[in-house]
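Listing of target.cif; format and content: mmCIF, C-alpha atoms and all ligand atoms.
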```cif
data_run
loop_
_atom_site.label_atom_id
_atom_site.label_comp_id
_atom_site.auth_asym_id
_atom_site.auth_seq_id
_atom_site.Cartn_x
_atom_site.Cartn_y
_atom_site.Cartn_z
CA MET A 810 62.41 -102.89 -54.68
CA TYR A 811 63.32 -103.73 -58.24
CA ALA A 812 64.17 -101.17 -60.90
CA PRO A 813 61.84 -100.86 -63.89
CA SER A 814 63.29 -102.56 -66.96
CA PHE A 815 65.62 -100.60 -69.18
CA ASP A 816 68.02 -101.17 -72.07
CA TYR A 817 71.73 -101.09 -71.28
CA HIS A 818 74.46 -99.68 -73.51
CA ARG A 819 78.13 -99.29 -72.75
CA ALA A 820 79.91 -96.37 -74.41
CA SER A 821 83.62 -96.44 -75.10
CA SER A 822 83.99 -92.74 -75.89
CA VAL A 823 82.24 -89.44 -75.18
CA ALA A 824 81.20 -89.26 -78.84
CA GLU A 825 79.66 -92.73 -78.67
CA ALA A 826 77.83 -91.84 -75.45
CA GLN A 827 76.39 -88.80 -77.22
CA GLN A 828 75.29 -90.90 -80.19
CA LEU A 829 73.62 -93.33 -77.81
CA LEU A 830 71.89 -90.47 -75.99
CA ALA A 831 70.59 -89.15 -79.30
CA ALA A 832 69.43 -92.61 -80.41
CA ASN A 833 67.68 -93.43 -77.14
CA PRO A 834 65.22 -90.72 -76.11
CA GLY A 835 64.56 -90.92 -72.38
CA ALA A 836 67.93 -92.55 -71.68
CA LYS A 837 70.19 -91.57 -68.78
CA LEU A 838 73.93 -91.72 -68.33
CA LEU A 839 75.16 -94.22 -65.74
CA ALA A 840 78.29 -93.17 -63.83
CA GLY A 841 78.85 -94.79 -60.41
CA GLY A 842 75.14 -95.59 -60.11
CA HIS A 843 75.05 -94.65 -56.45
CA SER A 844 72.33 -92.06 -56.89
CA LEU A 845 70.71 -93.21 -60.11
CA LEU A 846 70.16 -96.87 -59.21
CA PRO A 847 68.47 -96.07 -55.86
CA MET A 848 66.21 -93.67 -57.75
CA LEU A 849 65.27 -96.41 -60.20
CA LYS A 850 64.56 -98.83 -57.38
CA LEU A 851 62.40 -96.26 -55.61
CA ARG A 852 60.65 -95.66 -58.96
CA LEU A 853 61.61 -91.99 -58.84
CA ALA A 854 63.18 -92.37 -62.29
CA ALA A 855 62.31 -94.70 -65.16
CA PRO A 856 64.79 -94.12 -67.99
CA THR A 857 64.25 -96.11 -71.17
CA ALA A 858 67.95 -96.96 -71.28
CA LEU A 859 71.12 -96.56 -69.27
CA ILE A 860 74.26 -95.50 -71.09
CA ASP A 861 77.23 -96.64 -69.07
CA ILE A 862 80.12 -94.16 -69.23
CA GLY A 863 82.20 -96.03 -66.66
CA ARG A 864 84.72 -97.39 -69.18
CA ILE A 865 85.50 -94.09 -70.90
CA SER A 866 89.09 -93.55 -69.85
CA ALA A 867 89.11 -89.95 -71.17
CA LEU A 868 86.63 -89.08 -68.40
CA LYS A 869 88.88 -90.34 -65.60
CA GLY A 870 91.85 -88.87 -63.80
CA ILE A 871 93.25 -85.73 -62.26
CA THR A 872 95.74 -83.51 -64.07
CA ALA A 873 97.43 -80.23 -63.25
CA ALA A 874 96.18 -77.56 -65.66
CA ALA A 875 97.25 -73.93 -65.99
CA GLY A 876 96.33 -72.32 -62.67
CA GLY A 877 94.61 -75.32 -61.18
CA LEU A 878 93.42 -78.89 -61.64
CA ARG A 879 91.24 -80.70 -64.12
CA ILE A 880 89.30 -83.58 -62.60
CA GLY A 881 87.62 -85.95 -65.05
CA ALA A 882 83.92 -86.44 -64.41
CA MET A 883 84.30 -90.21 -63.91
CA THR A 884 86.96 -89.81 -61.21
CA THR A 885 85.74 -91.53 -58.07
CA HIS A 886 85.38 -89.80 -54.73
CA HIS A 887 88.09 -92.16 -53.43
CA ASP A 888 90.53 -91.04 -56.10
CA VAL A 889 89.79 -87.37 -55.37
CA ALA A 890 90.12 -87.96 -51.61
CA THR A 891 93.48 -89.70 -51.92
CA SER A 892 95.04 -87.63 -54.70
CA ALA A 893 98.30 -85.93 -53.74
CA LEU A 894 97.63 -83.35 -56.48
CA VAL A 895 94.24 -82.38 -55.06
CA ALA A 896 95.63 -82.31 -51.51
CA ALA A 897 98.45 -80.01 -52.63
CA HIS A 898 96.34 -77.66 -54.78
CA CYS A 899 93.00 -77.59 -53.03
CA PRO A 900 92.77 -79.65 -49.82
CA ILE A 901 89.19 -78.51 -49.13
CA VAL A 902 88.14 -80.66 -52.12
CA SER A 903 89.98 -83.78 -50.95
CA ASP A 904 88.68 -83.29 -47.39
CA ALA A 905 85.10 -83.12 -48.64
CA ALA A 906 85.54 -86.16 -50.90
CA ALA A 907 86.96 -88.16 -47.99
CA ARG A 908 83.81 -87.52 -45.98
CA ILE A 909 81.29 -88.63 -48.60
CA GLY A 910 79.22 -91.63 -47.55
CA ASP A 911 81.26 -94.71 -46.74
CA MET A 912 84.03 -96.59 -48.54
CA THR A 913 81.66 -98.35 -50.93
CA VAL A 914 80.06 -95.07 -51.96
CA ARG A 915 83.46 -93.39 -52.40
CA ASN A 916 84.80 -96.29 -54.47
CA ARG A 917 81.86 -96.22 -56.91
CA GLY A 918 80.48 -92.68 -56.77
CA THR A 919 82.07 -90.07 -59.03
CA ILE A 920 82.63 -86.36 -58.79
CA GLY A 921 80.84 -85.86 -62.11
CA GLY A 922 77.85 -87.94 -61.02
CA SER A 923 77.62 -85.97 -57.81
CA VAL A 924 77.74 -82.64 -59.61
CA ALA A 925 75.33 -83.69 -62.39
CA HIS A 926 72.88 -85.20 -59.91
CA ALA A 927 72.91 -81.97 -57.85
CA ASP A 928 71.42 -83.41 -54.70
CA PRO A 929 70.98 -80.48 -52.28
CA ALA A 930 72.54 -82.62 -49.52
CA ALA A 931 75.64 -83.52 -51.53
CA ASP A 932 79.02 -82.13 -50.52
CA MET A 933 80.69 -81.36 -53.85
CA PRO A 934 78.23 -78.70 -55.08
CA THR A 935 78.90 -76.64 -51.94
CA VAL A 936 82.67 -77.00 -52.02
CA LEU A 937 83.06 -76.54 -55.77
CA THR A 938 80.95 -73.39 -55.65
CA ALA A 939 83.13 -72.01 -52.83
CA VAL A 940 86.40 -72.60 -54.68
CA GLY A 941 85.08 -71.10 -57.91
CA ALA A 942 85.28 -74.32 -59.93
CA SER A 943 83.90 -74.55 -63.43
CA MET A 944 82.22 -77.40 -65.24
CA GLU A 945 83.24 -78.59 -68.69
CA ILE A 946 80.22 -79.75 -70.69
CA ALA A 947 80.42 -81.50 -74.06
CA GLY A 948 77.55 -80.68 -76.39
CA ALA A 949 75.94 -83.00 -78.88
CA GLY A 950 77.69 -81.28 -81.79
CA GLY A 951 81.15 -81.89 -80.32
CA ASP A 952 81.41 -78.37 -78.89
CA VAL A 953 82.62 -77.91 -75.29
CA ARG A 954 81.36 -75.12 -73.06
CA THR A 955 82.38 -74.13 -69.55
CA VAL A 956 79.93 -73.10 -66.85
CA ALA A 957 80.96 -71.57 -63.52
CA ALA A 958 79.76 -73.56 -60.51
CA ALA A 959 77.86 -70.48 -59.32
CA ASP A 960 75.72 -70.69 -62.51
CA PHE A 961 75.62 -74.47 -62.79
CA PHE A 962 73.25 -75.52 -59.99
CA LEU A 963 69.81 -74.33 -61.08
CA GLY A 964 67.51 -76.02 -58.57
CA MET A 965 66.89 -79.26 -56.74
CA MET A 966 68.57 -81.89 -58.94
CA ALA A 967 68.61 -79.43 -61.83
CA THR A 968 71.78 -78.22 -63.53
CA ALA A 969 73.04 -76.45 -66.61
CA VAL A 970 73.73 -79.80 -68.32
CA GLY A 971 71.22 -79.85 -71.17
CA GLU A 972 69.59 -82.57 -73.24
CA GLY A 973 72.21 -84.70 -74.99
CA GLU A 974 75.11 -83.08 -73.12
CA ILE A 975 77.74 -84.76 -70.97
CA LEU A 976 79.66 -83.28 -68.09
CA THR A 977 83.25 -84.16 -68.93
CA ALA A 978 85.38 -82.50 -66.24
CA ILE A 979 85.52 -80.16 -63.29
CA VAL A 980 88.21 -77.48 -63.33
CA VAL A 981 89.35 -76.39 -59.88
CA PRO A 982 91.42 -73.19 -59.78
CA ASP A 983 94.33 -72.69 -57.40
CA LEU A 984 93.13 -70.54 -54.53
CA GLY A 985 96.15 -68.25 -54.68
CA ALA A 986 98.78 -67.10 -52.21
CA GLY A 987 97.56 -66.52 -48.66
CA SER A 988 94.30 -68.35 -49.36
CA GLY A 989 92.85 -71.42 -47.73
CA GLY A 990 89.59 -73.29 -47.70
CA ALA A 991 87.84 -75.63 -45.30
CA TYR A 992 84.60 -77.60 -45.22
CA ALA A 993 82.63 -78.48 -42.11
CA LYS A 994 79.56 -80.67 -42.26
CA PHE A 995 76.90 -81.97 -39.98
CA ALA A 996 76.55 -85.41 -41.53
CA HIS A 997 73.36 -87.40 -41.39
CA PRO A 998 74.23 -90.30 -39.10
CA ALA A 999 72.93 -92.95 -41.51
CA SER A 1000 73.91 -91.76 -45.00
CA ARG A 1001 76.60 -89.16 -44.20
CA TYR A 1002 74.87 -86.74 -46.61
CA ALA A 1003 75.13 -83.14 -45.40
CA VAL A 1004 72.27 -82.03 -43.18
CA VAL A 1005 74.22 -78.78 -43.26
CA GLY A 1006 77.61 -78.33 -44.92
CA ALA A 1007 79.58 -75.08 -44.83
CA ALA A 1008 82.52 -74.21 -47.06
CA ALA A 1009 84.75 -71.21 -46.40
CA VAL A 1010 87.50 -69.89 -48.67
CA LEU A 1011 89.49 -67.04 -47.18
CA THR A 1012 92.42 -64.91 -48.22
CA MET A 1013 94.48 -63.64 -45.28
CA ALA A 1014 97.24 -61.05 -45.04
CA GLY A 1015 98.87 -60.29 -41.71
CA GLY A 1016 95.99 -61.82 -39.77
CA VAL A 1017 93.42 -59.72 -41.62
CA CYS A 1018 90.89 -61.34 -43.95
CA SER A 1019 90.97 -59.61 -47.32
CA ARG A 1020 88.47 -61.89 -49.09
CA ALA A 1021 85.85 -64.36 -47.90
CA ILE A 1022 83.59 -66.73 -49.76
CA ILE A 1023 81.08 -68.59 -47.64
CA ILE A 1024 78.72 -71.21 -49.08
CA VAL A 1025 76.20 -73.37 -47.24
CA GLY A 1026 74.69 -76.56 -48.65
CA GLY A 1027 72.11 -78.98 -47.34
CA ALA A 1028 69.72 -76.23 -46.28
CA THR A 1029 68.34 -75.02 -49.60
CA ALA A 1030 67.85 -76.51 -53.08
CA THR A 1031 71.12 -75.04 -54.37
CA PRO A 1032 74.29 -73.94 -52.54
CA ALA A 1033 73.62 -70.65 -50.76
CA ARG A 1034 76.17 -67.83 -50.73
CA LEU A 1035 76.17 -65.90 -47.45
CA ALA A 1036 76.81 -62.28 -48.42
CA SER A 1037 76.55 -60.59 -45.04
CA VAL A 1038 78.77 -63.19 -43.36
CA GLU A 1039 81.35 -62.52 -46.08
CA ALA A 1040 81.02 -58.76 -45.55
CA ALA A 1041 81.52 -59.11 -41.79
CA LEU A 1042 84.69 -61.16 -42.26
CA THR A 1043 86.24 -59.05 -45.02
CA GLY A 1044 88.69 -56.50 -43.65
CA ALA A 1045 88.52 -57.94 -40.13
CA THR A 1046 91.10 -59.55 -37.89
CA LEU A 1047 89.58 -62.97 -37.36
CA THR A 1048 89.44 -63.26 -33.59
CA PRO A 1049 87.06 -65.91 -32.21
CA GLU A 1050 84.62 -63.10 -31.33
CA VAL A 1051 84.65 -61.71 -34.88
CA VAL A 1052 84.14 -65.19 -36.35
CA ALA A 1053 81.26 -65.89 -33.95
CA ALA A 1054 79.55 -62.57 -34.69
CA ALA A 1055 79.95 -62.98 -38.45
CA SER A 1056 78.73 -66.59 -38.40
CA ALA A 1057 75.65 -65.57 -36.41
CA ARG A 1058 74.53 -63.72 -39.56
CA ALA A 1059 74.28 -67.01 -41.47
CA ALA A 1060 70.68 -67.65 -40.45
CA GLY A 1061 69.59 -64.31 -41.89
CA ASP A 1062 71.59 -64.77 -45.06
CA ILE A 1063 69.93 -68.02 -46.08
CA THR A 1064 66.94 -66.93 -48.08
CA GLY A 1065 64.54 -69.01 -50.13
CA ASP A 1066 62.86 -72.21 -49.02
CA LEU A 1067 64.79 -74.06 -46.36
CA MET A 1068 64.47 -77.82 -46.47
CA GLY A 1069 63.10 -79.68 -43.50
CA ASP A 1070 62.43 -83.35 -42.86
CA LEU A 1071 61.84 -85.79 -40.04
CA PHE A 1072 65.50 -85.70 -39.07
CA ALA A 1073 66.13 -81.95 -39.16
CA SER A 1074 63.55 -79.18 -39.46
CA ALA A 1075 64.13 -76.08 -41.55
CA GLU A 1076 64.63 -74.01 -38.40
CA TYR A 1077 67.16 -76.50 -37.04
CA ARG A 1078 69.10 -76.37 -40.31
CA ARG A 1079 69.03 -72.56 -40.22
CA HIS A 1080 70.45 -72.60 -36.69
CA MET A 1081 73.11 -75.22 -37.45
CA ALA A 1082 74.31 -73.26 -40.49
CA GLY A 1083 75.86 -70.60 -38.25
CA ILE A 1084 77.64 -73.18 -36.14
CA TYR A 1085 79.14 -74.97 -39.13
CA VAL A 1086 80.06 -71.70 -40.84
CA ALA A 1087 82.07 -70.73 -37.74
CA ARG A 1088 83.91 -74.07 -37.83
CA ALA A 1089 84.68 -73.79 -41.54
CA VAL A 1090 85.87 -70.18 -41.20
CA THR A 1091 88.16 -71.02 -38.28
CA ALA A 1092 89.72 -73.93 -40.14
CA ALA A 1093 90.04 -71.98 -43.40
CA ALA A 1094 91.76 -69.08 -41.62
CA ALA A 1095 94.29 -71.48 -40.09
CA ARG A 1096 94.96 -72.95 -43.54
CA ALA A 1097 95.28 -69.54 -45.18
CA ARG A 1098 97.83 -68.44 -42.59
C1 LIG A 1101 74.45 -94.71 -48.95
C2 LIG A 1101 74.89 -93.49 -49.72
C3 LIG A 1101 75.49 -92.46 -49.02
C4 LIG A 1101 75.88 -91.30 -49.70
N1 LIG A 1101 76.46 -90.29 -48.97
C5 LIG A 1101 76.83 -89.16 -49.61
C6 LIG A 1101 77.45 -88.10 -48.88
O1 LIG A 1101 77.72 -88.16 -47.68
N2 LIG A 1101 77.78 -86.96 -49.58
C7 LIG A 1101 77.55 -86.86 -50.94
O2 LIG A 1101 77.87 -85.82 -51.51
N3 LIG A 1101 77.00 -87.86 -51.65
C8 LIG A 1101 76.64 -89.01 -51.02
N4 LIG A 1101 76.09 -90.04 -51.75
C9 LIG A 1101 75.92 -89.89 -53.22
C10 LIG A 1101 77.19 -90.32 -53.94
O3 LIG A 1101 78.14 -89.30 -53.78
C11 LIG A 1101 76.95 -90.55 -55.42
O4 LIG A 1101 78.10 -91.12 -55.88
C12 LIG A 1101 76.69 -89.32 -56.28
O5 LIG A 1101 75.63 -88.58 -55.86
C13 LIG A 1101 76.34 -89.69 -57.71
O6 LIG A 1101 77.48 -90.11 -58.37
P1 LIG A 1101 77.46 -91.41 -59.26
O7 LIG A 1101 78.75 -91.45 -59.94
O8 LIG A 1101 77.06 -92.58 -58.44
O9 LIG A 1101 76.32 -91.02 -60.34
P2 LIG A 1101 75.08 -91.85 -60.89
O10 LIG A 1101 74.23 -92.31 -59.77
O11 LIG A 1101 75.52 -92.86 -61.87
O12 LIG A 1101 74.35 -90.67 -61.69
C14 LIG A 1101 73.67 -89.64 -61.02
C15 LIG A 1101 72.98 -88.73 -62.05
O13 LIG A 1101 73.94 -87.95 -62.74
C16 LIG A 1101 73.89 -88.20 -64.15
N5 LIG A 1101 75.28 -88.20 -64.61
C17 LIG A 1101 76.28 -88.95 -64.09
N6 LIG A 1101 77.44 -88.65 -64.68
C18 LIG A 1101 77.16 -87.70 -65.61
C19 LIG A 1101 77.94 -86.96 -66.54
N7 LIG A 1101 79.27 -87.16 -66.63
N8 LIG A 1101 77.34 -86.05 -67.33
C20 LIG A 1101 76.00 -85.83 -67.23
N9 LIG A 1101 75.20 -86.49 -66.37
C21 LIG A 1101 75.78 -87.42 -65.55
C22 LIG A 1101 73.19 -89.54 -64.30
O14 LIG A 1101 72.54 -89.66 -65.55
C23 LIG A 1101 72.21 -89.49 -63.13
O15 LIG A 1101 71.08 -88.74 -63.49
C24 LIG A 1101 75.68 -91.20 -51.11
C25 LIG A 1101 75.10 -92.25 -51.81
C26 LIG A 1101 74.70 -93.39 -51.13
C27 LIG A 1101 74.10 -94.52 -51.91
#
```

Go ahead and express the file in the form of structure tokens.
Ligand SMILES: Cc1cc2nc3c(=O)[nH]c(=O)nc-3n(C[C@H](O)[C@H](O)[C@H](O)COP(=O)(O)OP(=O)(O)OC[C@H]3O[C@@H](n4cnc5c(N)ncnc54)[C@H](O)[C@@H]3O)c2cc1C
Amino acid sequence: MYAPSFDYHRASSVAEAQQLLAANPGAKLLAGGHSLLPMLKLRLAAPTALIDIGRISALKGITAAAGGLRIGAMTTHHDVATSALVAAHCPIVSDAAARIGDMTVRNRGTIGGSVAHADPAADMPTVLTAVGASMEIAGAGGDVRTVAAADFFLGMMATAVGEGEILTAIVVPDLGAGSGGAYAKFAHPASRYAVVGAAAVLTMAGGVCSRAIIIVGGATATPARLASVEAALTGATLTPEVVAAASARAAGDITGDLMGDLFASAEYRRHMAGIYVARAVTAAAARAR
């Protein structure tokens, strides 16, 4: 399949990208192209122009910020996966990045593209919601606003990034003393996208879980927070029996329309959610200890 024809512009700064967006109604930003170009070829998108933000150095790189990390939107999955800073501050994020697609996808695809595209089967939306990340968005007037991940993903491939805006960075907070996070995913055997992906962030003190955040992706349009699983873990000593009983609540916690396809039905995804939640919780508890 060939993409429909489009104009191509390369921006050298965020401000120039915004000017190009304003001057080209119907244009789309081009990051790594690993979601956008397939959509063009499948004729699921037909932008009038692509505005390439791949050479904007201000959008790349990982820096330690007060209380966490700032990851530029154009930072590739490979760079996130192999960053010593990310591994030291928030290894759940580097683990998830390392398991995205294959090497080609990780070398081209970006964390910002993944977040802005908001594919329900993507890994980063689930993990970034679990760690309480926030998204930095540059507005057309030069203003910058910050949106918490929990408020950012609005629906299937729909986010809080508005017309003319650019996602510039993802801010990942330190999880804090006694806390640890882990991600477990049932990867589609062909694409490695998450059929079901579970992220757990736990705070432990003396073997007792004092705080639990459990998010499941791949099953619903946006990352789902599992409130009754969290309630069952909080205040408990995390024996294998407690983890199994809490994780069994996952199926009931996932409300809204579950996705189903030829590979995995909605009911199968609902069932697998509990299994992957148990794996993520067990690994997160070990990390938190
Ligand atoms: C074979 C294959 C396997 C894959 N497997 C996985 C997987 O296992 N897990 C997973 O999570 N993902 C997977 N992906 C998707 C991959 O992670 C993509 O890199 C990602 O979804 C999009 O990032 P990108 O940089 O390529 O963005 P692009 O494709 O360039 O852009 C995607 C969308 O986001 C918009 N956009 C991009 N950057 C910005 C920005 N800074 N501000 C505002 N809007 C922006 C674009 O306009 C476009 O609409 C896979 C992709 C392929 C092709």

Notebook entry, point to check: Any idea what the distance is between atom CA of A:His1080 and atom CA of A:Thr1048?
Noted result: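 Atom CA of A:His1080 sits 21.4 Å away from atom CA of A:Thr1048.
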
Residue list as a PDB file with C-alpha atoms, keeping the file's coordinate frame for point (86.2, -69.7, -48.6), cut-off 6 Å, all atoms listed in the file:
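Output file part-v5.pdb is given in full below:
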```
ATOM      1  CA  ALA A 939      83.130 -72.010 -52.830  1.00  0.00           C
ATOM      2  CA  GLY A 990      89.590 -73.290 -47.700  1.00  0.00           C
ATOM      3  CA  ALA A1009      84.750 -71.210 -46.400  1.00  0.00           C
ATOM      4  CA  VAL A1010      87.500 -69.890 -48.670  1.00  0.00           C
ATOM      5  CA  LEU A1011      89.490 -67.040 -47.180  1.00  0.00           C
ATOM      6  CA  ALA A1021      85.850 -64.360 -47.900  1.00  0.00           C
ATOM      7  CA  ILE A1022      83.590 -66.730 -49.760  1.00  0.00           C
ATOM      8  CA  ILE A1023      81.080 -68.590 -47.640  1.00  0.00           C
TER       9      ILE A1023
END
```

Next item on the list: Do a neighbour search on A:Tyr817 at 10 Å with all atoms listed in the file, toss out local chain neighbours closer than 4 positions, and write the hits as a list in words.
Entry: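 Those residues are Ala836, Lys837, Leu839, Thr857, Ala858, Leu859, Ile860 and Asp861 of chain A.
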
Produce a file of the selected residues containing C-alpha atoms, as a tab-separated table (two decimals), keeping the file's coordinate frame.
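Result file follows (part28.tsv):
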```tsv
chain	number	residue	atom	x	y	z
A	836	ALA	CA	67.93	-92.55	-71.68
A	837	LYS	CA	70.19	-91.57	-68.78
A	839	LEU	CA	75.16	-94.22	-65.74
A	857	THR	CA	64.25	-96.11	-71.17
A	858	ALA	CA	67.95	-96.96	-71.28
A	859	LEU	CA	71.12	-96.56	-69.27
A	860	ILE	CA	74.26	-95.50	-71.09
A	861	ASP	CA	77.23	-96.64	-69.07
```

Check: When the cut-off is 6 Å and you count all atoms listed in the file, which residues lie near ligand LIG 1101 (chain A), shown as an MDAnalysis selection string?
Finding: chainID A and resid 837:845 882 909:910 914 918:919 921:923 925:926 931:933 975:977 1000:1002

Next item on the list: For each of A:Ala1073, A:Val1052, A:Ile979, A:Ala1014, take the minimum atom-to-atom distance to A:Ile946, counting only C-alpha atoms, then give the residue where this is smallest.
Entry: A:Ile979
